[in-house]
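Structure file run.pdb (PDB, C-alpha atoms) follows.
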```pdb
ATOM      1  CA  MET A  20      -7.596 -53.934  81.444
ATOM      2  CA  PRO A  21     -10.051 -55.072  78.798
ATOM      3  CA  THR A  22     -10.549 -52.717  75.899
ATOM      4  CA  LYS A  23     -13.936 -51.214  75.206
ATOM      5  CA  LYS A  24     -15.956 -52.703  72.405
ATOM      6  CA  VAL A  25     -17.215 -50.168  69.884
ATOM      7  CA  VAL A  26     -20.961 -50.466  69.459
ATOM      8  CA  ASN A  27     -22.775 -49.063  66.444
ATOM      9  CA  LYS A  28     -26.047 -47.549  67.530
ATOM     10  CA  THR A  29     -28.903 -46.376  65.372
ATOM     11  CA  ARG A  30     -29.790 -42.716  65.751
ATOM     12  CA  LYS A  31     -33.481 -42.999  66.541
ATOM     13  CA  ALA A  32     -34.362 -39.512  65.333
ATOM     14  CA  VAL A  33     -32.928 -40.378  61.923
ATOM     15  CA  SER A  34     -34.651 -43.761  61.804
ATOM     16  CA  LYS A  35     -38.032 -42.102  62.364
ATOM     17  CA  ARG A  36     -37.512 -39.602  59.526
ATOM     18  CA  PHE A  37     -35.883 -41.728  56.818
ATOM     19  CA  LYS A  38     -36.413 -45.184  55.306
ATOM     20  CA  VAL A  39     -33.935 -47.111  53.165
ATOM     21  CA  THR A  40     -35.481 -48.782  50.120
ATOM     22  CA  ALA A  41     -34.504 -52.211  48.753
ATOM     23  CA  SER A  42     -32.395 -50.568  46.050
ATOM     24  CA  GLY A  43     -30.482 -48.551  48.662
ATOM     25  CA  LYS A  44     -32.083 -45.154  48.116
ATOM     26  CA  VAL A  45     -33.211 -43.149  51.139
ATOM     27  CA  LYS A  46     -36.803 -41.898  51.252
ATOM     28  CA  ARG A  47     -37.887 -38.826  53.181
ATOM     29  CA  ASN A  48     -41.052 -36.843  53.741
ATOM     30  CA  ARG A  49     -41.332 -33.334  52.377
ATOM     31  CA  GLN A  50     -41.299 -30.363  54.692
ATOM     32  CA  GLY A  51     -44.105 -27.838  54.970
ATOM     33  CA  LYS A  52     -47.254 -29.879  55.606
ATOM     34  CA  ARG A  53     -47.715 -29.326  59.325
ATOM     35  CA  HIS A  54     -49.523 -26.010  59.592
ATOM     36  CA  LEU A  55     -50.622 -22.929  57.627
ATOM     37  CA  LEU A  56     -52.141 -25.219  55.006
ATOM     38  CA  SER A  57     -55.019 -22.912  54.116
ATOM     39  CA  SER A  58     -52.674 -20.513  52.374
ATOM     40  CA  LYS A  59     -51.219 -23.289  50.201
ATOM     41  CA  SER A  60     -52.913 -24.416  47.029
ATOM     42  CA  PRO A  61     -54.457 -27.909  46.796
ATOM     43  CA  LYS A  62     -51.921 -28.863  44.140
ATOM     44  CA  ARG A  63     -49.081 -27.859  46.432
ATOM     45  CA  ARG A  64     -50.609 -29.737  49.390
ATOM     46  CA  ARG A  65     -50.901 -32.908  47.266
ATOM     47  CA  ARG A  66     -47.295 -32.610  46.185
ATOM     48  CA  LEU A  67     -46.159 -32.163  49.781
ATOM     49  CA  GLY A  68     -47.886 -35.413  50.690
ATOM     50  CA  SER A  69     -45.740 -37.521  48.373
ATOM     51  CA  ALA A  70     -42.382 -38.858  49.468
ATOM     52  CA  ALA A  71     -39.075 -37.714  48.011
ATOM     53  CA  TYR A  72     -35.585 -39.189  47.832
ATOM     54  CA  VAL A  73     -32.548 -37.814  49.615
ATOM     55  CA  GLU A  74     -29.879 -36.217  47.440
ATOM     56  CA  LYS A  75     -26.591 -38.057  46.971
ATOM     57  CA  ASP A  76     -24.716 -35.346  48.869
ATOM     58  CA  ASP A  77     -26.629 -36.134  52.076
ATOM     59  CA  MET A  78     -26.868 -39.900  51.569
ATOM     60  CA  ARG A  79     -23.635 -40.819  53.341
ATOM     61  CA  ARG A  80     -24.467 -38.820  56.462
ATOM     62  CA  ILE A  81     -27.848 -40.520  56.825
ATOM     63  CA  THR A  82     -26.685 -44.068  56.115
ATOM     64  CA  GLU A  83     -23.924 -43.691  58.726
ATOM     65  CA  SER A  84     -26.624 -42.888  61.265
ATOM     66  CA  LEU A  85     -28.558 -46.030  60.249
ATOM     67  CA  PRO A  86     -25.937 -48.804  60.529
ATOM     68  CA  PHE A  87     -28.363 -51.760  60.382
ATOM     69  CA  SER A  88     -30.682 -50.651  57.592
ATOM     70  CA  HIS A  89     -28.487 -51.120  54.541
TER
END
```

Could you rewrite the structure in this file as structure tokens?
Amino acid sequence: MPTKKVVNKTRKAVSKRFKVTASGKVKRNRQGKRHLLSSKSPKRRRRLGSAAYVEKDDMRRITESLPFSH
């Protein structure tokens, strides 16, 4: 019998939430800007709009889910 070929697949939920930069860092959006915005200050809302980078502890887990992006 022929053996099965292992296929690396991209986890689509991860690919929609994270982007890998040219230098290899992983960008993410900040949480907390979906609803209840009236109770948050304008400074806080501006800060939530900017992107952030994933910590090194979580980097490996995310890049394993995105096999073709790095």

Axis-aligned box for region 44-55 of chain A, 8 Å per side, centre and edges in Å as lines of an AutoDock Vina configuration file:
```
center_x = -41.4
center_y = -34.0
center_z = 53.9
size_x = 34.5
size_y = 38.2
size_z = 27.5
```

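What the PyMOL selection byres ((chain A and resi 82) around 10) matches in the given file is Thr29, Val33, Ser34, Phe37, Lys38, Val39, Gly43, Lys44, Val45, Asp77, Met78, Arg79, Arg80, Ile81, Glu83, Ser84, Leu85, Pro86, Phe87, Ser88 and His89 of chain A.
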
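With only C-alpha atoms taken into account, the protein and nucleic acid residues at most 12 Å from Lys52 (chain A) (excluding it and anything under 4 positions from it in its own chain) are Asn48, Leu56, Ser57, Ser58, Lys59, Ser60, Pro61, Arg63, Arg64, Arg65, Arg66, Leu67, Gly68, Ser69 and Ala70 of chain A.
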
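Atom pair CA of Lys46 (chain A) / CA of Val26 (chain A): separated by 25.6 Å.
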
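The coordinates place CA of Ala41 (chain A) at 16.7 Å from CA of Glu74 (chain A).
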
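When all atoms listed in the file are used to compute distances to Lys35 (chain A), the closest of the residues A:Lys62, A:His54, A:Arg47, A:Lys75 turns out to be A:Arg47.
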
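For the pair CA of Arg49 (chain A) and CA of Lys31 (chain A), the interatomic distance is 18.9 Å.
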
Completion of region 27-62 of chain A up to N, CA and C atoms, as a PDB file, keeping the file's coordinate frame:
```
ATOM      1  N   ASN A  27     -22.051 -49.933  67.372  1.00  0.00           N
ATOM      2  CA  ASN A  27     -22.775 -49.063  66.444  1.00  0.00           C
ATOM      3  C   ASN A  27     -24.215 -48.966  66.902  1.00  0.00           C
ATOM      4  N   LYS A  28     -24.666 -47.752  67.103  1.00  0.00           N
ATOM      5  CA  LYS A  28     -26.047 -47.549  67.530  1.00  0.00           C
ATOM      6  C   LYS A  28     -26.790 -46.759  66.461  1.00  0.00           C
ATOM      7  N   THR A  29     -28.047 -47.095  66.306  1.00  0.00           N
ATOM      8  CA  THR A  29     -28.903 -46.376  65.372  1.00  0.00           C
ATOM      9  C   THR A  29     -29.353 -45.068  66.015  1.00  0.00           C
ATOM     10  N   ARG A  30     -29.244 -43.986  65.268  1.00  0.00           N
ATOM     11  CA  ARG A  30     -29.790 -42.716  65.751  1.00  0.00           C
ATOM     12  C   ARG A  30     -31.295 -42.743  65.536  1.00  0.00           C
ATOM     13  N   LYS A  31     -32.042 -42.775  66.618  1.00  0.00           N
ATOM     14  CA  LYS A  31     -33.481 -42.999  66.541  1.00  0.00           C
ATOM     15  C   LYS A  31     -34.209 -41.853  65.856  1.00  0.00           C
ATOM     16  N   ALA A  32     -33.721 -40.640  66.004  1.00  0.00           N
ATOM     17  CA  ALA A  32     -34.362 -39.512  65.333  1.00  0.00           C
ATOM     18  C   ALA A  32     -34.248 -39.657  63.823  1.00  0.00           C
ATOM     19  N   VAL A  33     -33.125 -40.175  63.355  1.00  0.00           N
ATOM     20  CA  VAL A  33     -32.928 -40.378  61.923  1.00  0.00           C
ATOM     21  C   VAL A  33     -33.785 -41.539  61.436  1.00  0.00           C
ATOM     22  N   SER A  34     -33.886 -42.591  62.234  1.00  0.00           N
ATOM     23  CA  SER A  34     -34.651 -43.761  61.804  1.00  0.00           C
ATOM     24  C   SER A  34     -36.142 -43.462  61.705  1.00  0.00           C
ATOM     25  N   LYS A  35     -36.620 -42.470  62.439  1.00  0.00           N
ATOM     26  CA  LYS A  35     -38.032 -42.102  62.364  1.00  0.00           C
ATOM     27  C   LYS A  35     -38.321 -41.215  61.151  1.00  0.00           C
ATOM     28  N   ARG A  36     -37.301 -40.541  60.622  1.00  0.00           N
ATOM     29  CA  ARG A  36     -37.512 -39.602  59.526  1.00  0.00           C
ATOM     30  C   ARG A  36     -37.193 -40.174  58.152  1.00  0.00           C
ATOM     31  N   PHE A  37     -36.353 -41.203  58.090  1.00  0.00           N
ATOM     32  CA  PHE A  37     -35.883 -41.728  56.818  1.00  0.00           C
ATOM     33  C   PHE A  37     -36.076 -43.232  56.760  1.00  0.00           C
ATOM     34  N   LYS A  38     -36.309 -43.744  55.549  1.00  0.00           N
ATOM     35  CA  LYS A  38     -36.413 -45.184  55.306  1.00  0.00           C
ATOM     36  C   LYS A  38     -35.507 -45.530  54.134  1.00  0.00           C
ATOM     37  N   VAL A  39     -34.803 -46.659  54.243  1.00  0.00           N
ATOM     38  CA  VAL A  39     -33.935 -47.111  53.165  1.00  0.00           C
ATOM     39  C   VAL A  39     -34.704 -48.114  52.322  1.00  0.00           C
ATOM     40  N   THR A  40     -34.749 -47.899  51.013  1.00  0.00           N
ATOM     41  CA  THR A  40     -35.481 -48.782  50.120  1.00  0.00           C
ATOM     42  C   THR A  40     -34.634 -50.015  49.803  1.00  0.00           C
ATOM     43  N   ALA A  41     -35.218 -50.982  49.101  1.00  0.00           N
ATOM     44  CA  ALA A  41     -34.504 -52.211  48.753  1.00  0.00           C
ATOM     45  C   ALA A  41     -33.349 -51.936  47.802  1.00  0.00           C
ATOM     46  N   SER A  42     -33.473 -50.903  46.983  1.00  0.00           N
ATOM     47  CA  SER A  42     -32.395 -50.568  46.050  1.00  0.00           C
ATOM     48  C   SER A  42     -31.315 -49.707  46.691  1.00  0.00           C
ATOM     49  N   GLY A  43     -31.504 -49.319  47.960  1.00  0.00           N
ATOM     50  CA  GLY A  43     -30.482 -48.551  48.662  1.00  0.00           C
ATOM     51  C   GLY A  43     -30.715 -47.057  48.695  1.00  0.00           C
ATOM     52  N   LYS A  44     -31.775 -46.583  48.056  1.00  0.00           N
ATOM     53  CA  LYS A  44     -32.083 -45.154  48.116  1.00  0.00           C
ATOM     54  C   LYS A  44     -32.711 -44.842  49.467  1.00  0.00           C
ATOM     55  N   VAL A  45     -32.653 -43.578  49.853  1.00  0.00           N
ATOM     56  CA  VAL A  45     -33.211 -43.149  51.139  1.00  0.00           C
ATOM     57  C   VAL A  45     -34.417 -42.265  50.872  1.00  0.00           C
ATOM     58  N   LYS A  46     -35.572 -42.663  51.415  1.00  0.00           N
ATOM     59  CA  LYS A  46     -36.803 -41.898  51.252  1.00  0.00           C
ATOM     60  C   LYS A  46     -36.975 -40.947  52.424  1.00  0.00           C
ATOM     61  N   ARG A  47     -37.598 -39.810  52.144  1.00  0.00           N
ATOM     62  CA  ARG A  47     -37.887 -38.826  53.181  1.00  0.00           C
ATOM     63  C   ARG A  47     -39.239 -38.211  52.902  1.00  0.00           C
ATOM     64  N   ASN A  48     -39.821 -37.605  53.924  1.00  0.00           N
ATOM     65  CA  ASN A  48     -41.052 -36.843  53.741  1.00  0.00           C
ATOM     66  C   ASN A  48     -40.694 -35.401  53.426  1.00  0.00           C
ATOM     67  N   ARG A  49     -41.581 -34.733  52.721  1.00  0.00           N
ATOM     68  CA  ARG A  49     -41.332 -33.334  52.377  1.00  0.00           C
ATOM     69  C   ARG A  49     -41.693 -32.437  53.558  1.00  0.00           C
ATOM     70  N   GLN A  50     -41.007 -31.323  53.638  1.00  0.00           N
ATOM     71  CA  GLN A  50     -41.299 -30.363  54.692  1.00  0.00           C
ATOM     72  C   GLN A  50     -42.469 -29.478  54.293  1.00  0.00           C
ATOM     73  N   GLY A  51     -43.112 -28.861  55.261  1.00  0.00           N
ATOM     74  CA  GLY A  51     -44.105 -27.838  54.970  1.00  0.00           C
ATOM     75  C   GLY A  51     -45.546 -28.289  54.983  1.00  0.00           C
ATOM     76  N   LYS A  52     -45.858 -29.457  55.575  1.00  0.00           N
ATOM     77  CA  LYS A  52     -47.254 -29.879  55.606  1.00  0.00           C
ATOM     78  C   LYS A  52     -47.742 -30.079  57.037  1.00  0.00           C
ATOM     79  N   ARG A  53     -47.299 -29.230  57.932  1.00  0.00           N
ATOM     80  CA  ARG A  53     -47.715 -29.326  59.325  1.00  0.00           C
ATOM     81  C   ARG A  53     -48.774 -28.297  59.693  1.00  0.00           C
ATOM     82  N   HIS A  54     -48.581 -27.080  59.229  1.00  0.00           N
ATOM     83  CA  HIS A  54     -49.523 -26.010  59.592  1.00  0.00           C
ATOM     84  C   HIS A  54     -49.525 -24.968  58.492  1.00  0.00           C
ATOM     85  N   LEU A  55     -50.424 -23.990  58.620  1.00  0.00           N
ATOM     86  CA  LEU A  55     -50.622 -22.929  57.627  1.00  0.00           C
ATOM     87  C   LEU A  55     -50.983 -23.503  56.261  1.00  0.00           C
ATOM     88  N   LEU A  56     -51.810 -24.546  56.253  1.00  0.00           N
ATOM     89  CA  LEU A  56     -52.141 -25.219  55.006  1.00  0.00           C
ATOM     90  C   LEU A  56     -53.203 -24.470  54.201  1.00  0.00           C
ATOM     91  N   SER A  57     -53.955 -23.602  54.843  1.00  0.00           N
ATOM     92  CA  SER A  57     -55.019 -22.912  54.116  1.00  0.00           C
ATOM     93  C   SER A  57     -54.459 -21.923  53.091  1.00  0.00           C
ATOM     94  N   SER A  58     -53.270 -21.448  53.322  1.00  0.00           N
ATOM     95  CA  SER A  58     -52.674 -20.513  52.374  1.00  0.00           C
ATOM     96  C   SER A  58     -51.967 -21.218  51.226  1.00  0.00           C
ATOM     97  N   LYS A  59     -51.883 -22.536  51.266  1.00  0.00           N
ATOM     98  CA  LYS A  59     -51.219 -23.289  50.201  1.00  0.00           C
ATOM     99  C   LYS A  59     -52.271 -23.884  49.273  1.00  0.00           C
ATOM    100  N   SER A  60     -51.952 -23.932  48.019  1.00  0.00           N
ATOM    101  CA  SER A  60     -52.913 -24.416  47.029  1.00  0.00           C
ATOM    102  C   SER A  60     -53.097 -25.934  47.165  1.00  0.00           C
ATOM    103  N   PRO A  61     -54.239 -26.462  46.729  1.00  0.00           N
ATOM    104  CA  PRO A  61     -54.457 -27.909  46.796  1.00  0.00           C
ATOM    105  C   PRO A  61     -53.403 -28.703  46.030  1.00  0.00           C
ATOM    106  N   LYS A  62     -52.964 -28.179  44.903  1.00  0.00           N
ATOM    107  CA  LYS A  62     -51.921 -28.863  44.140  1.00  0.00           C
ATOM    108  C   LYS A  62     -50.622 -28.952  44.945  1.00  0.00           C
TER     109      LYS A  62
END
```
